[in-house]
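Student: Sharing a structure below in structure tokens format, with a few things to ask.
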Amino acid sequence: MDRISDFILPAVIICIVGYGFIKKAPVFDLFLEGAKEGLCTSVQILPALVALMTAVGMIKASGALDSFTYALRPVAALLHLPQEVLPLALLRPISGSGALVIFQDILRQYGPDSLIGRIASVMQGSTETTFYTIAVYYGATKVQKTRHTLPAALTADLVGFLMSALAVRLLLP
Amino acid sequence: MMSWLFAGLLGLSFLFGLLNGRMDAVSTAAVSDCAGAVTLTIQLAGVMCLWSGLMRIAQASGLTDKLSRLFGPLIRFLFRGLPAQSPAAKAIVMNLTANLLGLGNAATPLGIAAMKELEQIAPEKGTASDHMAMLVVLNTASLQLIPTTTAALRLANGSAAPMEILPAVWLASGVSICAGVFMAKILSRSYNRRVGRHG
């Protein structure tokens with residue numbers, strides 16, 4: 001499996017450049033033109049990233065997530081979600097690297113092929129770092145009013161978490 | 001909305017830092033994580049340049065035209081009223097393709113390029129259009145067909161079948177994406193009626 005994923009990236013790069021070359025496009029000049037724009041974009045999203053990563057780092061350090069996990073245990077029981085995966089569900093939308101650490105811990109502690117390990121795997125594999133995406137995407141624009149973006153994205157996350165537990169119970173008996 | 005989020009996260013971290021007696025850790029995190037954002041941006045800058053450059057080649061050589069014809073029906077459904085041959089639609093197609101292939105690092109610069117194109121044709125400056133919101137919602141959901149990082153971690157932790165989760169991942173992310181798209185379509189109407197009062 002690892003071998004297929006190793007092929008994808010180089011293959012896509014070669015396809016794009018190769019196709020352009022065959023079509024007699026000035027591939028190098030075009031690349032530089034685009035890359036220059038990419039550099040500007042990176043600088044543009046930096047302020048939004050600083051704001052979000054500072055806020056996320058502080059809330060992780062404050063132990064708020066442990067408190068939330070504790071408070072949400074009855075809700076999790078009601079939704080048939082094992083409480084061991086709650087920290088992962090809480091951290092997944094706000095911090096990609098933080099979620100990865102918790103996911104590792106769950107796999108090590110309960111085993112990847114246990115019910116908890118499987119549900120955590122499906123959660124990890126079927127959701128994204130919502131807040132990071134919103135900060136980066138809107139950070140590159142001048143948009144201040146994001147309207148319904150956050151509620152819609154968080155609904156998708158919540159449905160994804162609940163479906164992870166359900167899908168494991170349905171498909172992996 | 002982002003102001004609420006930012007202020008809310010900071011307020012909560014102060015409150016819980018106080019309650020849990022972890023103000024020292026909160027203080028350290030404030031200093032080290034803002035520096036972490038700079039490190040991340042510098043790391044991202046390379047990928048950003050690479051994919052912005054490749055994107056330009058793909059556009060100039062006509063590769064994106066071919067892809068956008070393939071994705072045409074999907075784009076027409078998700079981004080109603082967006083011309084299939086517009087620069088925005090082409091950038092969206094590239095972003096979705098990168099997501100499906102699991103090229104997360106490529107998807108971000110391509111998605112940002114699409115956001116900038118969408119911003120230019122947005123009806124109201126400073127306010128997210130329906131198309132922009134839809135693109136972000138799609139990118140906050142997981143479109144990746146094969147979750148390689150997750151599978152690799154499962155394998156590293158001694159899983160007998162690291163890929164057995166695939167059907168469950170497809171089911172969970174499929175339903176989650178549908179929920180996101182549904183909410184984006186429904187909510188866009190209610191937010192339209194109150195334009196100007198939301199942030």
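Ordered as shown in the structure tokens, chains take letters A, B, and onward, while each chain numbers its residues from 1 and ligands are numbered from 1 in the order shown.
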Just asking: which residues within chain A are alpha helix (DSSP H) according to DSSP, as number ranges by chain?
Tutor: A: 2-22, 27-61, 64-71, 73-78, 86-91, 96-110, 115-126, 130-139, 149-171
Student: So which one's closest to Gly98 (chain A), A:Leu150, A:Ala61, A:Val75, A:Ile8? Using only C-alpha atoms, please.
Tutor: A:Ala61
Student: For a quick check of understanding, using only C-alpha atoms, which of A:Leu90, A:Leu115, A:Ala77, A:Ala64 has the smallest distance to chain B?
Tutor: A:Ala64
Student: Could you list, with a cut-off of 10 Å and counting only C-alpha atoms, the residues of region 9-94 of chain B near region 118-131 of chain B, each shown with its nearest atom pair and the distance in Å rounded to one decimal, rows sorted by chain and ascending number, as CSV?
Tutor:
```
residue,atom,partner,partner_atom,distance
B:Leu78,CA,B:His131,CA,8.1
B:Phe79,CA,B:His131,CA,5.7
B:Arg80,CA,B:His131,CA,8.1
B:Gly81,CA,B:His131,CA,9.3
B:Leu82,CA,B:His131,CA,8.2
B:Ser86,CA,B:Leu118,CA,9.8
B:Pro87,CA,B:Leu118,CA,8.8
B:Ala88,CA,B:Leu118,CA,5.7
B:Ala89,CA,B:Leu118,CA,8.6
B:Ala91,CA,B:Leu118,CA,9.5
B:Ile92,CA,B:Leu118,CA,9.4
```
Student: Tell me, counting only C-alpha atoms, for each residue of region 24-139 of chain A within 8 Å of region 168-187 of chain B, which pair of atoms is nearest and how far apart they are in Å to one decimal, in rows ordered by chain and increasing number, as CSV.
Tutor:
```
residue,atom,partner,partner_atom,distance
A:Val122,CA,B:Val169,CA,5.1
A:Met123,CA,B:Val169,CA,7.6
A:Gly125,CA,B:Val169,CA,6.2
A:Ser126,CA,B:Ser173,CA,4.7
A:Thr127,CA,B:Ser173,CA,6.7
```
Student: Neighbours of region 139-144 of chain A within 8 Å (only C-alpha atoms; same-chain residues fewer than 4 positions away dropped), as an MDAnalysis selection string?
Tutor: (chainID A and resid 41 44:49 134:135) or (chainID B and resid 2 112 115:116 119 125:128 199)
Student: Store the residues of this selection in a file with C-alpha atoms, as a JSON list (two decimals), in the first residue's frame.
Tutor:
```json
[["chain", "number", "residue", "atom", "x", "y", "z"],
["A", 41, "THR", "CA", 0.16, 33.49, -0.74],
["A", 44, "GLN", "CA", -0.59, 36.28, 3.18],
["A", 45, "ILE", "CA", -1.85, 33.36, 5.28],
["A", 46, "LEU", "CA", 0.79, 33.77, 8.02],
["A", 47, "PRO", "CA", -1.19, 36.22, 10.22],
["A", 48, "ALA", "CA", -4.25, 33.94, 10.24],
["A", 49, "LEU", "CA", -2.08, 30.94, 11.11],
["A", 134, "ILE", "CA", -11.02, 27.65, 7.44],
["A", 135, "ALA", "CA", -8.23, 29.88, 8.80],
["B", 2, "MET", "CA", -13.73, 33.95, 13.12],
["B", 112, "ILE", "CA", -6.37, 28.85, -1.95],
["B", 115, "MET", "CA", -10.63, 30.90, -3.20],
["B", 116, "LYS", "CA", -8.89, 33.91, -4.72],
["B", 119, "GLU", "CA", -13.32, 36.15, -4.30],
["B", 125, "LYS", "CA", -16.69, 42.14, -1.01],
["B", 126, "GLY", "CA", -15.58, 41.02, 2.43],
["B", 127, "THR", "CA", -18.37, 38.46, 2.67],
["B", 128, "ALA", "CA", -18.02, 34.79, 1.75],
["B", 199, "GLY", "CA", -19.70, 37.62, 10.79]]
```
Student: With only C-alpha atoms as the atoms that count, which of B:Thr39, B:Gln144, B:Ser68, B:Ser61 lies nearest to Leu100 (chain B)?
Tutor: B:Gln144
Student: Just the residues within 12 Å of Gly96 (chain A), please, counting only C-alpha atoms, with nothing from its chain fewer than 5 positions along; format it as a list of chain:residue names.
Tutor: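 These residues fall inside the cut-off: A:Met53, A:Val56, A:Gly57, A:Leu88, A:Ala89, A:Leu90, A:Leu91, A:Val101, A:Ile102, A:Phe103, A:Gln124, A:Gly125, A:Thr127, A:Glu128, A:Thr129, A:Thr130, A:Phe131, A:Tyr132, A:Thr133, B:Thr140, B:Thr149.
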